[in-house]
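Structure file protein-v4.tsv (TSV, C-alpha atoms) is printed below.
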chain	number	residue	atom	x	y	z
A	21	MET	CA	-190.99	225.26	-9.27
A	22	ILE	CA	-188.49	228.09	-8.76
A	23	GLY	CA	-185.09	227.27	-7.32
A	24	PHE	CA	-185.69	228.95	-3.98
A	25	GLU	CA	-188.85	226.96	-3.32
A	26	PHE	CA	-187.06	223.71	-4.15
A	27	LEU	CA	-184.17	224.52	-1.80
A	28	ILE	CA	-186.47	225.47	1.09
A	29	ILE	CA	-188.65	222.33	0.82
A	30	LEU	CA	-185.58	220.13	0.69
A	31	PHE	CA	-183.94	221.99	3.56
A	32	PHE	CA	-186.85	221.44	5.96
A	33	ALA	CA	-187.39	217.82	4.89
A	34	SER	CA	-183.70	217.26	5.61
A	35	ILE	CA	-183.93	218.69	9.12
A	36	MET	CA	-186.65	216.11	9.81
A	37	ALA	CA	-184.61	213.32	8.21
A	38	GLY	CA	-181.49	214.25	10.20
A	39	ALA	CA	-183.36	214.33	13.51
A	40	LEU	CA	-185.06	210.99	12.93
A	41	GLY	CA	-181.96	209.35	11.46
A	42	SER	CA	-179.72	210.35	14.34
A	43	ILE	CA	-182.17	208.87	16.86
A	44	VAL	CA	-182.68	205.48	15.22
A	45	GLY	CA	-179.21	205.02	13.70
A	46	LEU	CA	-180.09	205.47	10.02
A	47	GLY	CA	-179.02	208.02	7.47
A	48	GLY	CA	-182.33	209.65	6.67
A	49	GLY	CA	-182.60	208.25	3.15
A	50	VAL	CA	-185.93	206.76	4.17
A	51	ILE	CA	-187.29	210.34	4.16
A	52	ILE	CA	-184.98	212.03	1.61
A	53	ILE	CA	-185.46	209.53	-1.24
A	54	PRO	CA	-189.29	209.60	-1.40
A	55	ILE	CA	-189.39	213.41	-0.93
A	56	LEU	CA	-187.01	213.84	-3.86
A	57	THR	CA	-188.49	211.26	-6.22
A	58	ILE	CA	-192.21	211.53	-5.44
A	59	PHE	CA	-192.70	215.16	-4.41
A	60	LEU	CA	-189.89	216.92	-6.23
A	61	GLY	CA	-189.73	214.75	-9.33
A	62	VAL	CA	-186.00	214.12	-9.12
A	63	ASP	CA	-184.37	211.17	-10.87
A	64	ILE	CA	-183.79	208.17	-8.57
A	65	HIS	CA	-180.02	208.25	-9.26
A	66	PHE	CA	-179.74	211.80	-7.94
A	67	ALA	CA	-181.95	210.81	-4.98
A	68	ILE	CA	-179.58	207.97	-4.10
A	69	GLY	CA	-176.55	210.27	-4.47
A	70	ALA	CA	-178.23	212.73	-2.08
A	71	SER	CA	-179.02	209.88	0.29
A	72	ILE	CA	-175.34	208.87	0.43
A	73	VAL	CA	-174.39	212.44	1.38
A	74	SER	CA	-177.20	212.58	3.93
A	75	VAL	CA	-175.94	209.36	5.56
A	76	ILE	CA	-172.44	210.80	5.96
A	77	ALA	CA	-173.83	214.06	7.35
A	78	THR	CA	-176.14	212.33	9.84
A	79	SER	CA	-173.39	209.98	10.95
A	80	SER	CA	-170.63	212.53	11.46
A	81	GLY	CA	-172.94	215.19	12.91
A	82	ALA	CA	-174.56	212.90	15.47
A	83	ALA	CA	-171.54	210.73	16.28
A	84	ALA	CA	-169.53	213.77	17.41
A	85	THR	CA	-171.96	214.02	20.33
A	86	TYR	CA	-172.61	210.32	20.95
A	87	VAL	CA	-168.91	209.46	21.03
A	88	LYS	CA	-168.15	212.24	23.49
A	89	ASP	CA	-170.97	211.06	25.78
A	90	LYS	CA	-169.67	207.46	25.50
A	91	MET	CA	-172.96	206.16	24.19
A	92	THR	CA	-171.28	204.78	21.04
A	93	ASN	CA	-169.12	201.69	21.48
A	94	LEU	CA	-165.99	202.48	19.43
A	95	ARG	CA	-164.52	198.95	19.57
A	96	ILE	CA	-167.72	197.19	18.59
A	97	GLY	CA	-168.14	199.75	15.80
A	98	MET	CA	-164.60	199.33	14.43
A	99	PHE	CA	-164.78	195.54	14.62
A	100	LEU	CA	-168.08	195.40	12.73
A	101	GLU	CA	-166.89	197.90	10.10
A	102	LEU	CA	-164.61	195.12	8.84
A	103	ALA	CA	-167.72	193.31	7.65
A	104	THR	CA	-169.69	196.34	6.40
A	105	THR	CA	-166.89	197.75	4.24
A	106	ALA	CA	-166.04	194.33	2.80
A	107	GLY	CA	-169.75	193.75	2.12
A	108	ALA	CA	-170.11	197.17	0.47
A	109	ILE	CA	-167.25	196.52	-1.97
A	110	PHE	CA	-168.53	193.05	-2.80
A	111	GLY	CA	-172.04	194.44	-3.35
A	112	ALA	CA	-170.81	197.20	-5.66
A	113	ALA	CA	-168.80	194.64	-7.66
A	114	ILE	CA	-171.75	192.33	-8.31
A	115	ALA	CA	-174.40	195.06	-8.67
A	116	ALA	CA	-174.20	194.92	-12.46
A	117	TYR	CA	-175.19	191.25	-12.47
A	118	THR	CA	-178.13	191.49	-10.12
A	119	ASN	CA	-181.76	192.44	-10.45
A	120	SER	CA	-182.63	195.39	-8.22
A	121	PHE	CA	-186.34	194.55	-8.36
A	122	LEU	CA	-185.72	191.17	-6.79
A	123	LEU	CA	-183.20	192.54	-4.28
A	124	GLU	CA	-185.55	195.22	-3.03
A	125	LEU	CA	-188.33	192.68	-2.71
A	126	ILE	CA	-186.10	190.30	-0.74
A	127	PHE	CA	-184.57	192.91	1.55
A	128	GLY	CA	-187.92	194.63	2.10
A	129	SER	CA	-189.40	191.29	3.13
A	130	ILE	CA	-186.49	190.56	5.49
A	131	LEU	CA	-187.11	193.92	7.15
A	132	LEU	CA	-190.82	193.16	7.51
A	133	VAL	CA	-190.09	189.74	9.03
A	134	SER	CA	-187.58	191.20	11.48
A	135	LEU	CA	-190.37	193.38	12.88
A	136	VAL	CA	-191.67	190.27	14.68
A	137	PRO	CA	-188.80	189.74	17.15
A	138	LEU	CA	-188.42	193.49	17.47
A	139	VAL	CA	-192.05	194.02	18.45
A	140	ARG	CA	-191.99	191.01	20.79
A	141	GLN	CA	-189.42	192.80	22.96
A	142	ILE	CA	-190.83	196.25	22.38
A	143	GLY	CA	-190.95	197.30	26.05
A	144	GLU	CA	-187.51	195.91	26.87
A	145	ASP	CA	-185.17	198.36	28.57
A	146	ILE	CA	-181.80	196.67	29.12
A	147	PRO	CA	-181.29	193.16	27.71
A	148	ALA	CA	-180.25	190.44	30.19
A	149	ASN	CA	-176.48	190.79	30.51
A	150	PRO	CA	-174.84	187.67	29.01
A	151	GLU	CA	-171.42	186.45	30.09
A	152	LEU	CA	-168.54	187.72	27.97
A	153	VAL	CA	-167.12	184.64	26.22
A	154	GLY	CA	-165.11	183.57	23.15
A	155	LEU	CA	-164.45	186.11	20.42
A	156	ALA	CA	-166.42	188.82	22.25
A	157	LYS	CA	-164.09	188.39	25.23
A	158	ARG	CA	-160.90	188.39	23.15
A	159	LEU	CA	-161.97	191.62	21.42
A	160	SER	CA	-163.40	193.14	24.63
A	161	LEU	CA	-166.79	193.78	23.03
A	162	GLN	CA	-168.31	195.28	26.14
A	163	GLY	CA	-168.96	198.69	27.57
A	164	SER	CA	-170.96	200.92	29.83
A	165	TYR	CA	-172.88	204.16	29.57
A	166	THR	CA	-174.75	206.49	31.89
A	167	GLU	CA	-178.56	206.34	31.75
A	168	VAL	CA	-180.85	209.37	31.96
A	169	ASP	CA	-181.37	208.82	35.71
A	170	GLY	CA	-177.61	208.80	36.35
A	171	SER	CA	-177.27	205.02	36.76
A	172	THR	CA	-174.48	203.18	34.97
A	173	VAL	CA	-175.47	200.44	32.53
A	174	ASN	CA	-172.86	197.72	31.92
A	175	TYR	CA	-173.32	195.48	28.92
A	176	ASN	CA	-171.55	192.61	27.16
A	177	ALA	CA	-171.96	191.71	23.51
A	178	THR	CA	-172.92	188.16	22.62
A	179	ARG	CA	-172.60	186.16	19.36
A	180	PRO	CA	-170.25	188.57	17.50
A	181	GLU	CA	-169.98	186.04	14.64
A	182	ARG	CA	-173.69	186.46	13.88
A	183	GLY	CA	-173.24	190.19	14.20
A	184	LEU	CA	-170.51	190.05	11.54
A	185	VAL	CA	-172.74	188.08	9.17
A	186	GLY	CA	-175.56	190.60	9.65
A	187	MET	CA	-173.13	193.46	9.06
A	188	PHE	CA	-171.76	191.88	5.89
A	189	ALA	CA	-175.35	191.70	4.64
A	190	ALA	CA	-175.85	195.35	5.62
A	191	GLY	CA	-172.75	196.37	3.66
A	192	LEU	CA	-173.80	194.24	0.72
A	193	ILE	CA	-177.15	196.04	0.53
A	194	SER	CA	-175.43	199.45	0.59
A	195	GLY	CA	-173.17	198.39	-2.24
A	196	LEU	CA	-175.95	196.81	-4.28
A	197	LEU	CA	-178.73	199.32	-3.88
A	198	GLY	CA	-176.88	202.45	-2.85
A	199	ILE	CA	-179.21	202.98	0.05
A	200	GLY	CA	-178.19	203.27	3.66
A	201	SER	CA	-178.40	200.09	5.64
A	202	GLY	CA	-178.74	201.46	9.15
A	203	THR	CA	-181.83	199.32	9.69
A	204	PHE	CA	-179.83	196.12	9.12
A	205	LYS	CA	-177.00	197.37	11.31
A	206	VAL	CA	-179.30	198.18	14.23
A	207	LEU	CA	-181.06	194.82	13.83
A	208	SER	CA	-177.73	192.93	13.86
A	209	MET	CA	-176.62	194.59	17.07
A	210	ASP	CA	-180.03	194.38	18.70
A	211	LEU	CA	-181.17	190.87	17.75
A	212	ALA	CA	-177.85	189.03	17.37
A	213	MET	CA	-175.51	190.80	19.78
A	214	LYS	CA	-178.08	191.81	22.42
A	215	LEU	CA	-176.79	195.32	22.99
A	216	PRO	CA	-178.93	197.96	24.71
A	217	MET	CA	-181.08	199.74	22.08
A	218	LYS	CA	-179.41	203.13	22.46
A	219	VAL	CA	-175.96	201.56	22.09
A	220	SER	CA	-177.18	199.79	18.93
A	221	THR	CA	-178.61	202.92	17.29
A	222	THR	CA	-175.68	205.18	18.20
A	223	THR	CA	-173.06	202.62	17.17
A	224	SER	CA	-174.95	202.08	13.90
A	225	ASN	CA	-174.96	205.83	13.51
A	226	PHE	CA	-171.19	205.88	13.98
A	227	MET	CA	-170.70	203.12	11.38
A	228	ILE	CA	-173.01	204.25	8.56
A	229	GLY	CA	-170.72	207.19	7.74
A	230	VAL	CA	-167.90	204.81	6.87
A	231	THR	CA	-170.13	202.48	4.83
A	232	ALA	CA	-171.49	205.46	2.90
A	233	ALA	CA	-168.03	206.99	2.40
A	234	ALA	CA	-166.91	203.65	0.94
A	235	SER	CA	-169.50	203.94	-1.83
A	236	ALA	CA	-169.31	207.74	-2.14
A	237	GLY	CA	-166.35	207.58	-4.54
A	238	ILE	CA	-168.24	205.72	-7.19
A	239	TYR	CA	-171.38	207.92	-6.97
A	240	PHE	CA	-169.23	211.03	-7.03
A	241	ALA	CA	-167.34	209.82	-10.10
A	242	ARG	CA	-170.59	208.99	-11.89
A	243	GLY	CA	-171.91	212.47	-11.10
A	244	ASP	CA	-174.91	211.21	-9.15
A	245	VAL	CA	-174.14	213.77	-6.45
A	246	ASP	CA	-175.95	216.91	-7.65
A	247	PRO	CA	-174.78	220.14	-5.93
A	248	PHE	CA	-178.20	221.79	-6.20
A	249	ILE	CA	-179.72	218.87	-4.28
A	250	VAL	CA	-177.01	217.97	-1.78
A	251	ALA	CA	-176.28	221.49	-0.46
A	252	PRO	CA	-179.67	222.02	1.25
A	253	VAL	CA	-179.75	218.32	2.20
A	254	ALA	CA	-176.36	218.34	3.97
A	255	ILE	CA	-177.01	221.58	5.87
A	256	GLY	CA	-180.54	220.51	6.87
A	257	ILE	CA	-179.36	217.08	7.98
A	258	LEU	CA	-176.63	218.55	10.19
A	259	ILE	CA	-179.14	220.82	11.94
A	260	GLY	CA	-181.55	217.88	12.31
A	261	ALA	CA	-178.83	215.65	13.73
A	262	PHE	CA	-178.03	218.30	16.32
A	263	ILE	CA	-181.69	218.23	17.43
A	264	GLY	CA	-181.98	214.43	17.30
A	265	THR	CA	-178.92	213.77	19.48
A	266	ARG	CA	-180.34	215.95	22.26
A	267	PHE	CA	-183.51	213.90	22.14
A	268	LEU	CA	-181.79	210.50	22.21
A	269	LEU	CA	-179.57	211.28	25.18
A	270	LYS	CA	-182.68	212.07	27.24
A	271	ALA	CA	-184.83	209.21	25.86
A	272	ARG	CA	-185.25	205.74	27.36
A	273	ASN	CA	-184.42	202.54	25.49
A	274	PRO	CA	-188.06	201.42	25.01
A	275	THR	CA	-188.93	204.79	23.42
A	276	VAL	CA	-186.04	204.50	20.97
A	277	ARG	CA	-187.05	200.91	20.20
A	278	LYS	CA	-190.63	201.99	19.39
A	279	ILE	CA	-189.49	204.78	17.07
A	280	PHE	CA	-187.08	202.36	15.39
A	281	ALA	CA	-189.85	199.79	14.85
A	282	ILE	CA	-192.04	202.41	13.14
A	283	VAL	CA	-189.22	203.62	10.89
A	284	LEU	CA	-188.31	200.00	10.09
A	285	ALA	CA	-191.89	199.26	9.02
A	286	ILE	CA	-191.93	202.37	6.81
A	287	SER	CA	-188.62	201.55	5.12
A	288	ALA	CA	-189.71	197.94	4.54
A	289	VAL	CA	-192.91	199.07	2.84
A	290	GLU	CA	-191.02	201.74	0.89
A	291	MET	CA	-188.59	199.15	-0.44
A	292	ILE	CA	-191.33	196.73	-1.45
A	293	VAL	CA	-193.39	199.46	-3.09
A	294	ARG	CA	-190.35	200.62	-5.05
A	295	ALA	CA	-189.69	197.03	-6.13
A	296	LEU	CA	-193.24	196.65	-7.39
A	297	GLY	CA	-192.95	200.00	-9.15
A	298	ALA	CA	-196.21	201.24	-7.63
B	10	MET	CA	-153.97	214.84	27.64
B	11	ASN	CA	-152.71	211.27	27.91
B	12	LEU	CA	-153.50	209.64	24.58
B	13	GLY	CA	-153.08	206.15	26.04
B	14	ASP	CA	-156.16	206.77	28.17
B	15	ARG	CA	-159.45	205.28	26.92
B	16	GLU	CA	-161.27	208.49	27.84
B	17	ALA	CA	-158.97	210.49	25.56
B	18	MET	CA	-159.96	208.37	22.58
B	19	ASN	CA	-163.60	209.43	22.78
B	20	ASP	CA	-162.63	213.09	23.00
B	21	VAL	CA	-160.23	213.00	20.04
B	22	ILE	CA	-162.62	211.05	17.78
B	23	SER	CA	-165.46	213.33	18.76
B	24	ASN	CA	-163.39	216.42	17.93
B	25	VAL	CA	-162.28	215.03	14.56
B	26	LEU	CA	-165.93	214.52	13.65
B	27	ARG	CA	-167.04	217.87	15.07
B	28	TYR	CA	-164.41	219.92	13.22
B	29	GLY	CA	-164.96	218.00	9.98
B	30	VAL	CA	-168.66	218.69	10.17
B	31	LEU	CA	-168.25	222.37	11.14
B	32	ILE	CA	-165.75	223.12	8.36
B	33	SER	CA	-167.86	221.38	5.75
B	34	ALA	CA	-171.05	223.06	7.00
B	35	ALA	CA	-169.38	226.49	6.79
B	36	ILE	CA	-168.24	225.86	3.20
B	37	LEU	CA	-171.63	224.45	2.22
B	38	LEU	CA	-173.36	227.44	3.76
B	39	VAL	CA	-171.25	229.85	1.68
B	40	GLY	CA	-172.02	227.75	-1.41
B	41	THR	CA	-175.72	227.72	-0.67
B	42	VAL	CA	-175.84	231.49	-0.11
B	43	LEU	CA	-174.10	231.98	-3.49
B	44	LEU	CA	-176.58	229.53	-5.01
B	45	VAL	CA	-179.57	231.39	-3.57
B	46	VAL	CA	-178.17	234.75	-4.73
B	47	ASP	CA	-177.58	233.51	-8.28
B	48	TYR	CA	-180.36	231.04	-8.94
B	49	SER	CA	-183.34	231.63	-6.63
B	50	PHE	CA	-185.61	232.56	-9.52
B	51	THR	CA	-184.30	230.02	-11.99
B	52	ASP	CA	-186.56	227.05	-12.53
B	53	SER	CA	-185.21	224.15	-10.49
B	54	SER	CA	-185.59	221.72	-13.39
B	55	VAL	CA	-182.56	223.40	-15.01
B	56	PHE	CA	-180.35	221.78	-12.36
B	57	LEU	CA	-182.02	218.43	-12.18
B	58	GLY	CA	-181.46	217.06	-15.65
B	59	TYR	CA	-180.08	213.55	-15.33
B	60	ILE	CA	-178.10	212.56	-18.40
B	61	PRO	CA	-177.80	208.76	-18.42
B	62	GLY	CA	-175.38	208.53	-21.33
B	63	ARG	CA	-172.83	211.05	-20.07
B	64	ILE	CA	-170.42	210.69	-17.16
B	65	PRO	CA	-170.64	212.67	-14.92
B	66	HIS	CA	-174.43	212.90	-14.97
B	67	SER	CA	-174.49	216.23	-13.15
B	68	SER	CA	-172.61	219.51	-13.12
B	69	PHE	CA	-169.94	218.57	-10.56
B	70	SER	CA	-166.43	219.38	-11.80
B	71	PRO	CA	-164.78	216.18	-12.92
B	72	SER	CA	-161.23	217.39	-12.23
B	73	LEU	CA	-159.47	218.89	-9.24
B	74	SER	CA	-158.01	221.77	-11.24
B	75	ALA	CA	-161.48	222.70	-12.53
B	76	LEU	CA	-162.69	222.52	-8.93
B	77	ALA	CA	-159.90	224.79	-7.65
B	78	LEU	CA	-160.59	227.30	-10.44
B	79	GLY	CA	-164.32	227.25	-9.65
B	80	VAL	CA	-163.75	227.79	-5.94
B	81	ALA	CA	-161.41	230.71	-6.67
B	82	LYS	CA	-164.13	232.31	-8.82
B	83	LEU	CA	-166.71	231.61	-6.06
B	84	ASP	CA	-168.77	229.49	-8.40
B	85	PRO	CA	-171.56	228.14	-6.12
B	86	PHE	CA	-171.39	224.60	-7.53
B	87	SER	CA	-167.63	224.33	-7.01
B	88	VAL	CA	-167.84	225.70	-3.46
B	89	ILE	CA	-170.56	223.14	-2.67
B	90	GLU	CA	-168.48	220.38	-4.20
B	91	LEU	CA	-165.57	221.34	-1.93
B	92	GLY	CA	-167.90	221.23	1.10
B	93	VAL	CA	-169.12	217.76	0.10
B	94	ILE	CA	-165.54	216.52	-0.30
B	95	VAL	CA	-164.68	217.74	3.22
B	96	LEU	CA	-167.84	216.01	4.48
B	97	ILE	CA	-166.91	212.70	2.83
B	98	ALA	CA	-163.35	212.98	4.16
B	99	THR	CA	-164.61	213.31	7.74
B	100	PRO	CA	-165.42	209.62	8.46
B	101	VAL	CA	-162.19	208.64	6.67
B	102	SER	CA	-160.12	210.86	8.99
B	103	ARG	CA	-162.01	209.38	11.91
B	104	VAL	CA	-160.82	205.89	10.91
B	105	PHE	CA	-157.28	207.18	10.40
B	106	PHE	CA	-157.13	208.81	13.85
B	107	SER	CA	-158.56	205.64	15.43
B	108	ILE	CA	-155.43	203.77	14.30
B	109	LEU	CA	-153.17	206.26	16.08
B	110	LEU	CA	-155.30	206.15	19.21
B	111	PHE	CA	-155.45	202.36	19.38
B	112	ALA	CA	-151.65	202.38	18.92
B	113	ALA	CA	-151.30	204.83	21.82
B	114	GLU	CA	-153.37	202.43	23.93
B	115	LYS	CA	-151.03	199.63	22.75
B	116	ASP	CA	-154.06	197.64	21.61
B	117	MET	CA	-152.45	195.95	18.60
B	118	THR	CA	-155.51	193.81	17.79
B	119	TYR	CA	-157.54	196.94	17.13
B	120	VAL	CA	-154.69	198.66	15.32
B	121	LYS	CA	-154.79	195.74	12.84
B	122	ILE	CA	-158.59	195.69	12.60
B	123	THR	CA	-158.67	199.44	11.92
B	124	LEU	CA	-155.83	199.26	9.38
B	125	VAL	CA	-157.82	196.69	7.39
B	126	VAL	CA	-160.94	198.89	7.57
B	127	LEU	CA	-158.95	201.91	6.33
B	128	ALA	CA	-157.43	199.88	3.49
B	129	LEU	CA	-160.86	198.59	2.39
B	130	LEU	CA	-162.32	202.08	2.67
B	131	LEU	CA	-159.60	203.75	0.59
B	132	PHE	CA	-159.71	200.96	-1.98
B	133	SER	CA	-163.46	201.39	-2.30
B	134	MET	CA	-163.36	205.19	-2.48
B	135	LEU	CA	-160.35	205.75	-4.69
B	136	VAL	CA	-159.78	202.59	-6.73
B	137	THR	CA	-163.18	201.13	-7.54
B	138	PRO	CA	-164.37	204.24	-9.47
B	139	PHE	CA	-161.69	203.34	-12.06
B	140	ILE	CA	-162.72	199.70	-12.42
B	141	PRO	CA	-165.34	199.45	-15.20
B	142	ALA	CA	-167.11	196.47	-13.56
B	143	PHE	CA	-168.13	198.77	-10.70
B	144	HIS	CA	-169.96	201.17	-13.01
B	145	ALA	CA	-173.22	199.31	-12.95
Here is the file; what I need is its structure written in the form of structure tokens.
Amino acid sequence: MIGFEFLIILFFASIMAGALGSIVGLGGGVIIIPILTIFLGVDIHFAIGASIVSVIATSSGAAATYVKDKMTNLRIGMFLELATTAGAIFGAAIAAYTNSFLLELIFGSILLVSLVPLVRQIGEDIPANPELVGLAKRLSLQGSYTEVDGSTVNYNATRPERGLVGMFAAGLISGLLGIGSGTFKVLSMDLAMKLPMKVSTTTSNFMIGVTAAASAGIYFARGDVDPFIVAPVAIGILIGAFIGTRFLLKARNPTVRKIFAIVLAISAVEMIVRALGA
Amino acid sequence: MNLGDREAMNDVISNVLRYGVLISAAILLVGTVLLVVDYSFTDSSVFLGYIPGRIPHSSFSPSLSALALGVAKLDPFSVIELGVIVLIATPVSRVFFSILLFAAEKDMTYVKITLVVLALLLFSMLVTPFIPAFHA
């Protein structure tokens, strides 16, 4: 394949990945990694390095808009980043002593299982608003945003301790496997903390950039970030994120939840397939 | 603009992210144009060789002086590397500015939370690459 062809294919795949990632709160690795490894025959290490860059691009590109429109909850995001960054460092430290086959199998299965509660509340718009108590109250883990129809949605977070545990796991996975962990972040905020779906995906989106930046140093130093690959990826992702954010701001929570469920199923299967080496 | 205002925080953070992304995109675009000019008809496999035994595995400049020299000569790979560094620095600056903004709001709890996040982040980015145990 000549260089130009390679760049163009990757560029358009990245636009798609950026659009999808910015809507559901992931970094687009779910699209970028298989395109690179299966269709373009790139080594998995380079694919993961590209995925890290794509996560940072999706996050920063989309969050610029979501933060301005007050869809992202900055306090919830900052508080949970304590757990994701700590988890990422711990994961990177123990990665040498773990078996990635087993990890991918376990995490893939967890994702598959978490489809059940997600699908059970598939049509849910705004979760029942719990009272703000305990740690959530002390840290003012609450907020409001404006819905498509102009109404204001107020929400309170519940069970922040469980959210922290989920986020530590999300960080751990990033550190161990080098893949984005937006799926686990969205699940923690959605299932444990009962935030509205759009707040969960946009706050996840805000956070994944920091988790990815935390592990970027090591991938950069190893030389897993290949310029020929990441240039079209980063530019494509940024364009895609611009498109995706416009979509999310006009979409309803149930729509976002459905798209997230589909992407979650795909990434679960992808992880399990990779583990089994099929 | 009153920085102690909660509304101001969203605007500042949003702008930090927007400018970071725009600057990096502009640099990456220049790098990609140079890449297309120089290597469009070169077989892509030339750039994709992964060398397991050698660090770094790819053609990114290992040192800052090599990077600066490459950028000055408009070497496409060096220009792209610079763009990627700006991109990676963007979420880090976002965390840094959050500390200042929480301080302006006099929300000391969040100043502390964000300081810990920044410390963990910088440790992970800048220190762990030099600890052999992290080179799995």
Extract, using all atoms listed in the file, all DNA, RNA and protein residues at most 8 Å from Ile199 in chain A, discarding same-chain residues fewer than 3 positions from it, and format them as a VMD selection string. chain A and resid 49 68 71 to 72 193 to 195
As an NGL selection string, could you give me every residue of chain B near chain A (at most 7 Å apart, counting only C-alpha atoms)? :B and (19-20 or 23-24 or 26-27 or 30 or 34 or 37 or 41 or 45 or 48-53 or 56-57 or 59 or 64-69 or 86 or 89-90 or 96-97 or 100-101 or 122-123 or 126 or 129-130 or 133-135 or 137-138 or 142-143 or 145)
Give as a PyMOL selection string each residue that has an atom at most 8 Å from (-182.6, 196.3, 15.6) in the file, counting only C-alpha atoms. chain A and resi 138+203-211+217+220-221+277+280
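Separating CA of Ile286 in chain A from CA of Leu122 in chain A is a distance of 18.7 Å.
Here CA of Arg140 in chain A stands at a distance of 28.7 Å from CA of Val75 in chain A.
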In Å, with one decimal, what is the gap from CA of Leu123 in chain A to CA of Gly186 in chain A?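 Between CA of Leu123 in chain A and CA of Gly186 in chain A the gap works out to 16.0 Å.
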Sel. within 9 Å of pt (-191.7, 198.9, 20.0), counting only C-alpha atoms, output as a PDB file with C-alpha atoms, in the frame of the given file:
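This went into out-v5.pdb:
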ATOM      1  CA  LEU A 138    -188.420 193.490  17.470  1.00  0.00           C
ATOM      2  CA  VAL A 139    -192.050 194.020  18.450  1.00  0.00           C
ATOM      3  CA  ARG A 140    -191.990 191.010  20.790  1.00  0.00           C
ATOM      4  CA  GLN A 141    -189.420 192.800  22.960  1.00  0.00           C
ATOM      5  CA  ILE A 142    -190.830 196.250  22.380  1.00  0.00           C
ATOM      6  CA  GLY A 143    -190.950 197.300  26.050  1.00  0.00           C
ATOM      7  CA  GLU A 144    -187.510 195.910  26.870  1.00  0.00           C
ATOM      8  CA  PRO A 274    -188.060 201.420  25.010  1.00  0.00           C
ATOM      9  CA  THR A 275    -188.930 204.790  23.420  1.00  0.00           C
ATOM     10  CA  VAL A 276    -186.040 204.500  20.970  1.00  0.00           C
ATOM     11  CA  ARG A 277    -187.050 200.910  20.200  1.00  0.00           C
ATOM     12  CA  LYS A 278    -190.630 201.990  19.390  1.00  0.00           C
ATOM     13  CA  ILE A 279    -189.490 204.780  17.070  1.00  0.00           C
ATOM     14  CA  PHE A 280    -187.080 202.360  15.390  1.00  0.00           C
ATOM     15  CA  ALA A 281    -189.850 199.790  14.850  1.00  0.00           C
ATOM     16  CA  ILE A 282    -192.040 202.410  13.140  1.00  0.00           C
TER      17      ILE A 282
END
